[in-house]
Each structure stands twice: as structure tokens, then as C-alpha cells.
Amino acid sequence: MLSSLLVASLFAHAGETGVTDSEIVIGQSAATTGAAAELGKGVARGAKAYFDQINKKGGVNGRKIRLITLDDGYEPDRAAANTKKLIENEQVFALFGYVGTPTSNASLPTINQARVPFVAPYTGADSLRAPFNRYVFNVRASYRDEAEEIASSMAKLGMSSINVFYQNDAFGQSGLKAMQDAAAKYKIAINATATVQRNSVDVAKAVEELVAKKPANAVFMVAAYKSSAAFIASARSRNFMGPYYNVSFVGTEALVGELKQDGSGVMVSQVMPSPYSAIKPVAMDYQKVLKASETPAVDYPSMEGYLGARVLVEGLKRAGRDLTRDKLINALETMGDYDMGGFRVHYSPTNHNGSQYIDMTVLDSSGKIRS
């Protein structure tokens, strides 16, 4: 009888993987080197700043959050290997803030097999939304939402034809499909398409096709900041001044930097509130949190990391002290309409797509980002 009681006691105190009496371990795979490094570093910076603030206040239900970030260089194979390492070796409780469609897609089989919650991936791809996946919780709007807003804006300006420049991988193909559907809805013809390889700035063939051979009213772009900037600079050298429309993944501030603050004629759809707002409560809180951090640079990727971290922490709080992965999933699913001060997410047991928030921004010749 005594031995049975001891065994029962041991099981009662055995914590979920990645959870101890004092700590919750969260894993992230993102580019911190290479052509998409500013995106990965930004998301990690914003998340860590918020986690640090929570930890200073005693953590979540008495536990502090530890974020482990592994560099994948925005390459799918490395992301898949990192995911296995985070789950099997680092024994993380949940995964958070992966950056990119190809890297997230490559990691999904392991995530699904291990049944690990996957919160706030930095991608708007359909593959993270359909079919429904119990373990994936999206904070940002989809590329379909962004393409819809951009196509609507184009139609209002009287555009009848566009070209599409896209990354030759799952991210680019997802954005291309989103724009094909949106363009058809608004009766805009896609005149021509051209690709660039991931992590490459070899855009000569794409510029020749879309600017010299088959010009259109505008170029819709689905690529990271270095590739996009290389295309814009080369197209301008051929006297095509735009407009250029980019989806949010481009990395707005990094794109400005690559263009050397000559962003005139460049538009970017955003899935997060402006990190620069002086009046929106969520932006003001974000600025306060970043200011108190070790790396206080304000930008859209860190805003997304911060908001994703807020969603995760709210789920952890609601899951309670007796924390398990299933309880976190259930807590997120019953979150309902969660307002963070001007940015809302809504989840349910049948919908893990938290937001459809879209804002159109314009880059001016001085490098400023205007809504």
C-alpha cells in the first residue's frame, strides 16, 4: 500500500515536458544569419523583451519562461533539424515564432507527430491554415488577406494589369496563388510572373521579363527584403519607378535599409499595428517593453514577436498552474476575443487563425513608413 502511494505521488508531481516548478521552456527556429536574418532577430527580440518583463514580475503562475532560439538561416532542412533538436534534446514545452513558410512547412511533420503546440509562426501561408491543424495557432493574417487588400487598392487606382515577382519556394507560391485569386476577383490581369531563388539576389532574368519584355501597371512582390530590394534597384535602373507592392514578410525596415532610404513608390501590407504609433495602447506598451530591453530597436518584426509572446503568455496563464500541452491548447481555443489594446485575436476549437488585421503602408523618399 505504501509503495503504491509513493508511485502515485511521483506521477502526481511529474511535470509536462519542458515544465518544471520554476520554468517553462519554449523553442524557436528562425534565421539569425543570412538573407532573412533581420526578420528572425526581430521576432526573437520582441518576444524575449516581453518574456523578460513577465519573468521580472514572477513569471506565469510562478514559472519563468526561457526561450531557446536556434538559427536555421531561412533554410527548410536546418529548420526541420532544429525542430527535432528542440523537441527531443532540449525538451521544450511548446514551439514559437518560426520565421518563414518553407521552414515552418518542413517542421510540421515533427510538430504533428510530437503533438507540440506551435504558436505565432511568422507566415501567412495556407499550409499553416488549411487543413485545420490542432497544434498551430496563427496570430497574423494570411497572405490571402494581404493579397485581397492589395488587389482592392490596385482596383481603386484603376490598375488593369500587374506583374508578379515571387520567391521560388512555398512562400512565393503561396503568395502567387493568393494574388491570382484576388486579382481575378477584382478583374486585374496578371501579365507575367518571374522568380528568384530563396536567399538570392540574382534578379536579372526577372527584371528582364517583368520590366523590359512585359511591363504592367505595377509589380506585386513575394520575397524577402534582400531579393526585393535587388529587384527594385535593378528595375529602377531601367526607369520603372513602380509602384511596387510587397507583402508583410518582406521585412519593412530591412527593406528600407537595403534601398538606402529610397523607398519612394514602394508599398507594404502590414499584419501588425504600427510599432511607431504614439496613440494606440498596444504600440505604446510595446515601445515601453522594448525600451526596457537589452536590444530596444523598434520595428515590425519585433512588434510581431511581442504580440505573439503576449498571446502565448495569456494562454499559459489561462491554462493554470497544472500546466500541460493539452491544457495550453484548450486555453487558447477558449480565449475568444482577446483585445491587447488595439489588436485583437480570436480563437475557437475550430478556428486557430487569430487575426485578419491588415494595414497598408507607403515608404517615402526619406525612408519613413507611412500608413
# chains A, B, ... in the order shown; residues from 1 in each chain; ligands from 1
$ select_by_dssp --residues "stretch 214-311 of chain A" --states "helix (DSSP H, G or I)" --output "ChimeraX atom specification"
/A:225-236,248-250,252-258,281-291,300-311
$ write_last_selection --atoms "N, CA and C atoms" --output "short mmCIF file (atom, residue, chain, number, x, y, z; two decimals), in the first residue's frame"
data_model
loop_
_atom_site.label_atom_id
_atom_site.label_comp_id
_atom_site.auth_asym_id
_atom_site.auth_seq_id
_atom_site.Cartn_x
_atom_site.Cartn_y
_atom_site.Cartn_z
N TYR A 225 13.52 40.67 -47.98
CA TYR A 225 13.96 42.05 -48.25
C TYR A 225 15.15 42.17 -49.20
N LYS A 226 16.15 41.31 -49.12
CA LYS A 226 17.31 41.45 -49.99
C LYS A 226 16.95 41.21 -51.45
N SER A 227 16.17 40.17 -51.71
CA SER A 227 15.74 39.89 -53.08
C SER A 227 14.86 41.00 -53.61
N SER A 228 13.93 41.46 -52.78
CA SER A 228 13.02 42.52 -53.21
C SER A 228 13.77 43.81 -53.51
N ALA A 229 14.70 44.18 -52.64
CA ALA A 229 15.47 45.41 -52.86
C ALA A 229 16.32 45.32 -54.12
N ALA A 230 16.90 44.15 -54.36
CA ALA A 230 17.71 43.97 -55.57
C ALA A 230 16.85 44.14 -56.81
N PHE A 231 15.63 43.58 -56.78
CA PHE A 231 14.74 43.73 -57.93
C PHE A 231 14.37 45.19 -58.15
N ILE A 232 13.98 45.89 -57.06
CA ILE A 232 13.55 47.28 -57.19
C ILE A 232 14.69 48.16 -57.72
N ALA A 233 15.88 47.97 -57.18
CA ALA A 233 17.02 48.78 -57.61
C ALA A 233 17.33 48.54 -59.09
N SER A 234 17.28 47.27 -59.51
CA SER A 234 17.57 46.96 -60.92
C SER A 234 16.46 47.47 -61.84
N ALA A 235 15.21 47.33 -61.40
CA ALA A 235 14.09 47.82 -62.22
C ALA A 235 14.14 49.33 -62.37
N ARG A 236 14.53 50.02 -61.31
CA ARG A 236 14.65 51.48 -61.38
C ARG A 236 15.76 51.90 -62.34
N SER A 248 3.78 41.58 -46.12
CA SER A 248 4.42 41.92 -44.85
C SER A 248 5.73 41.18 -44.59
N PHE A 249 5.84 39.93 -45.09
CA PHE A 249 7.02 39.13 -44.79
C PHE A 249 8.31 39.77 -45.30
N VAL A 250 8.20 40.72 -46.22
CA VAL A 250 9.41 41.32 -46.80
C VAL A 250 10.34 41.87 -45.72
N THR A 252 9.84 45.29 -43.45
CA THR A 252 9.77 46.67 -43.94
C THR A 252 11.03 47.48 -43.64
N GLU A 253 11.46 47.47 -42.39
CA GLU A 253 12.63 48.28 -42.03
C GLU A 253 13.90 47.77 -42.70
N ALA A 254 14.01 46.45 -42.82
CA ALA A 254 15.18 45.88 -43.51
C ALA A 254 15.16 46.25 -44.99
N LEU A 255 13.97 46.29 -45.58
CA LEU A 255 13.84 46.71 -46.98
C LEU A 255 14.26 48.16 -47.15
N VAL A 256 13.83 49.02 -46.22
CA VAL A 256 14.23 50.43 -46.25
C VAL A 256 15.76 50.53 -46.21
N GLY A 257 16.37 49.75 -45.33
CA GLY A 257 17.83 49.78 -45.21
C GLY A 257 18.53 49.34 -46.48
N GLU A 258 18.00 48.29 -47.12
CA GLU A 258 18.60 47.80 -48.36
C GLU A 258 18.45 48.82 -49.49
N PRO A 281 -2.81 51.99 -27.73
CA PRO A 281 -2.31 51.41 -26.47
C PRO A 281 -1.35 50.23 -26.65
N VAL A 282 -1.64 49.34 -27.60
CA VAL A 282 -0.77 48.17 -27.78
C VAL A 282 0.62 48.59 -28.24
N ALA A 283 0.70 49.63 -29.09
CA ALA A 283 2.00 50.11 -29.57
C ALA A 283 2.76 50.81 -28.45
N MET A 284 2.05 51.55 -27.63
CA MET A 284 2.69 52.26 -26.53
C MET A 284 3.25 51.28 -25.50
N ASP A 285 2.51 50.20 -25.24
CA ASP A 285 3.02 49.18 -24.32
C ASP A 285 4.23 48.47 -24.92
N TYR A 286 4.14 48.15 -26.22
CA TYR A 286 5.27 47.53 -26.92
C TYR A 286 6.52 48.40 -26.83
N GLN A 287 6.37 49.68 -27.08
CA GLN A 287 7.52 50.60 -27.02
C GLN A 287 8.12 50.63 -25.62
N LYS A 288 7.28 50.60 -24.61
CA LYS A 288 7.75 50.60 -23.23
C LYS A 288 8.53 49.33 -22.92
N VAL A 289 8.01 48.19 -23.37
CA VAL A 289 8.67 46.91 -23.14
C VAL A 289 10.01 46.86 -23.87
N LEU A 290 10.05 47.30 -25.13
CA LEU A 290 11.31 47.28 -25.90
C LEU A 290 12.34 48.22 -25.29
N LYS A 291 11.88 49.38 -24.82
CA LYS A 291 12.80 50.36 -24.24
C LYS A 291 13.51 49.78 -23.02
N TYR A 300 8.66 46.36 -37.18
CA TYR A 300 7.52 45.46 -37.34
C TYR A 300 7.81 44.02 -36.92
N PRO A 301 8.96 43.42 -37.26
CA PRO A 301 9.19 42.04 -36.81
C PRO A 301 9.19 41.90 -35.29
N SER A 302 9.79 42.84 -34.57
CA SER A 302 9.78 42.73 -33.10
C SER A 302 8.39 43.00 -32.53
N MET A 303 7.60 43.84 -33.20
CA MET A 303 6.20 44.01 -32.80
C MET A 303 5.46 42.68 -32.91
N GLU A 304 5.72 41.95 -34.00
CA GLU A 304 5.06 40.65 -34.17
C GLU A 304 5.52 39.64 -33.13
N GLY A 305 6.82 39.66 -32.81
CA GLY A 305 7.32 38.78 -31.77
C GLY A 305 6.71 39.10 -30.41
N TYR A 306 6.59 40.38 -30.13
CA TYR A 306 5.99 40.85 -28.87
C TYR A 306 4.53 40.41 -28.77
N LEU A 307 3.75 40.62 -29.84
CA LEU A 307 2.33 40.26 -29.80
C LEU A 307 2.14 38.75 -29.73
N GLY A 308 2.96 38.01 -30.46
CA GLY A 308 2.90 36.55 -30.37
C GLY A 308 3.20 36.08 -28.96
N ALA A 309 4.19 36.70 -28.32
CA ALA A 309 4.54 36.35 -26.95
C ALA A 309 3.39 36.67 -25.99
N ARG A 310 2.70 37.77 -26.22
CA ARG A 310 1.56 38.12 -25.37
C ARG A 310 0.45 37.07 -25.49
N VAL A 311 0.20 36.61 -26.71
CA VAL A 311 -0.82 35.57 -26.91
C VAL A 311 -0.42 34.29 -26.20
#
$ closest_atom_pairs --of "stretch 311-353 of chain A" --to "stretch 268-273 of chain A" --cutoff "12 Å" --atoms "only C-alpha atoms" --output "tab-separated table"
residue	atom	partner	partner_atom	distance
A:Met340	CA	A:Pro273	CA	11.0
A:Gly341	CA	A:Pro273	CA	10.3
A:Gly342	CA	A:Pro273	CA	7.8
A:Phe343	CA	A:Pro273	CA	7.0
A:Arg344	CA	A:Met272	CA	10.2
A:Val345	CA	A:Met272	CA	11.3
$ residues_around --residues "stretch 26-32 of chain A" --least-positions-apart "3" --cutoff "10 Å" --atoms "only C-alpha atoms" --output "VMD selection string"
chain A and resid 18 to 19 23 35 to 44 65 to 75 78 to 83 85 to 87 90 to 100 103 to 104 107 118 to 119 121 to 122
$ residues_around --residues "A:Gln173" --least-positions-apart "3" --cutoff "12 Å" --atoms "only C-alpha atoms" --output "mmCIF file with C-alpha atoms, in the first residue's frame"
data_model
loop_
_atom_site.group_PDB
_atom_site.id
_atom_site.type_symbol
_atom_site.label_atom_id
_atom_site.label_comp_id
_atom_site.auth_asym_id
_atom_site.auth_seq_id
_atom_site.Cartn_x
_atom_site.Cartn_y
_atom_site.Cartn_z
ATOM 1 C CA THR A 101 6.751 29.300 -44.878
ATOM 2 C CA PRO A 102 9.329 26.752 -46.146
ATOM 3 C CA GLY A 124 0.614 33.842 -43.806
ATOM 4 C CA ALA A 125 0.664 30.690 -45.924
ATOM 5 C CA ASP A 126 -2.386 28.474 -46.440
ATOM 6 C CA SER A 127 -0.318 25.435 -45.427
ATOM 7 C CA TYR A 143 -1.317 36.105 -47.400
ATOM 8 C CA ARG A 144 -4.814 35.786 -48.862
ATOM 9 C CA VAL A 164 4.275 39.146 -60.001
ATOM 10 C CA PHE A 165 7.833 38.681 -58.722
ATOM 11 C CA TYR A 166 7.989 35.790 -56.267
ATOM 12 C CA GLN A 167 10.387 33.600 -54.346
ATOM 13 C CA ASN A 168 10.693 30.148 -55.897
ATOM 14 C CA ASP A 169 9.530 28.143 -52.892
ATOM 15 C CA ALA A 170 6.449 27.502 -50.765
ATOM 16 C CA LEU A 176 1.333 33.974 -56.005
ATOM 17 C CA LYS A 177 -1.787 31.832 -55.545
ATOM 18 C CA ALA A 178 -3.258 34.392 -53.133
ATOM 19 C CA MET A 179 -2.780 37.192 -55.673
ATOM 20 C CA GLN A 180 -4.079 35.102 -58.579
ATOM 21 C CA THR A 193 5.458 36.247 -63.496
ATOM 22 C CA ALA A 194 9.127 35.664 -62.638
ATOM 23 C CA THR A 195 11.004 34.078 -59.748
ATOM 24 C CA VAL A 196 14.058 34.447 -57.548
ATOM 25 C CA GLN A 197 15.699 31.695 -55.509
ATOM 26 C CA ARG A 198 15.429 31.871 -51.731
ATOM 27 C CA MET A 221 6.324 41.073 -54.817
ATOM 28 C CA VAL A 222 6.518 37.963 -52.636
ATOM 29 C CA ALA A 223 10.128 37.752 -51.477
#
$ closest_residue --among "A:Thr123, A:Asn163, A:Thr17, A:Ser142" --to "A:Gly242" --atoms "only C-alpha atoms"
A:Asn163
$ residues_around --residues "A:Ala184" --least-positions-apart "6" --cutoff "12 Å" --atoms "only C-alpha atoms" --output "compact mmCIF listing (two decimals) with N, CA and C atoms, in the first residue's frame"
# COMPACT_ATOMS: atom_id res chain seq x y z
N ALA A 147 -3.24 39.86 -49.95
CA ALA A 147 -3.44 39.99 -51.39
C ALA A 147 -4.78 40.63 -51.69
N GLU A 148 -5.78 40.28 -50.91
CA GLU A 148 -7.11 40.87 -51.09
C GLU A 148 -7.07 42.38 -50.89
N ALA A 151 -5.01 43.98 -53.83
CA ALA A 151 -5.77 43.98 -55.09
C ALA A 151 -6.89 45.01 -55.04
N SER A 152 -7.54 45.13 -53.90
CA SER A 152 -8.60 46.14 -53.74
C SER A 152 -8.03 47.54 -53.94
N ALA A 155 -7.29 48.11 -57.63
CA ALA A 155 -8.51 48.33 -58.40
C ALA A 155 -9.03 49.75 -58.22
N SER A 160 -5.25 47.79 -64.33
CA SER A 160 -5.87 46.68 -65.06
C SER A 160 -4.92 45.50 -65.24
N SER A 161 -3.60 45.72 -65.08
CA SER A 161 -2.65 44.62 -65.24
C SER A 161 -1.49 44.78 -64.26
N ILE A 162 -0.99 43.65 -63.75
CA ILE A 162 0.15 43.65 -62.84
C ILE A 162 1.08 42.50 -63.21
N LYS A 177 -0.43 32.36 -55.49
CA LYS A 177 -1.79 31.83 -55.55
C LYS A 177 -2.77 32.81 -54.91
N ALA A 178 -2.38 33.43 -53.80
CA ALA A 178 -3.26 34.39 -53.13
C ALA A 178 -3.57 35.57 -54.05
N ILE A 190 -3.02 39.34 -64.54
CA ILE A 190 -1.61 39.10 -64.23
C ILE A 190 -0.90 38.91 -65.56
$ closest_residue --among "A:Val203, A:Met159, A:Ile54, A:Ala182" --to "A:Ala216" --atoms "only C-alpha atoms"
A:Met159
$ closest_residue --among "A:Val362, A:Val116, A:Val266, A:Ala218" --to "A:Glu16" --atoms "only C-alpha atoms"
A:Val116
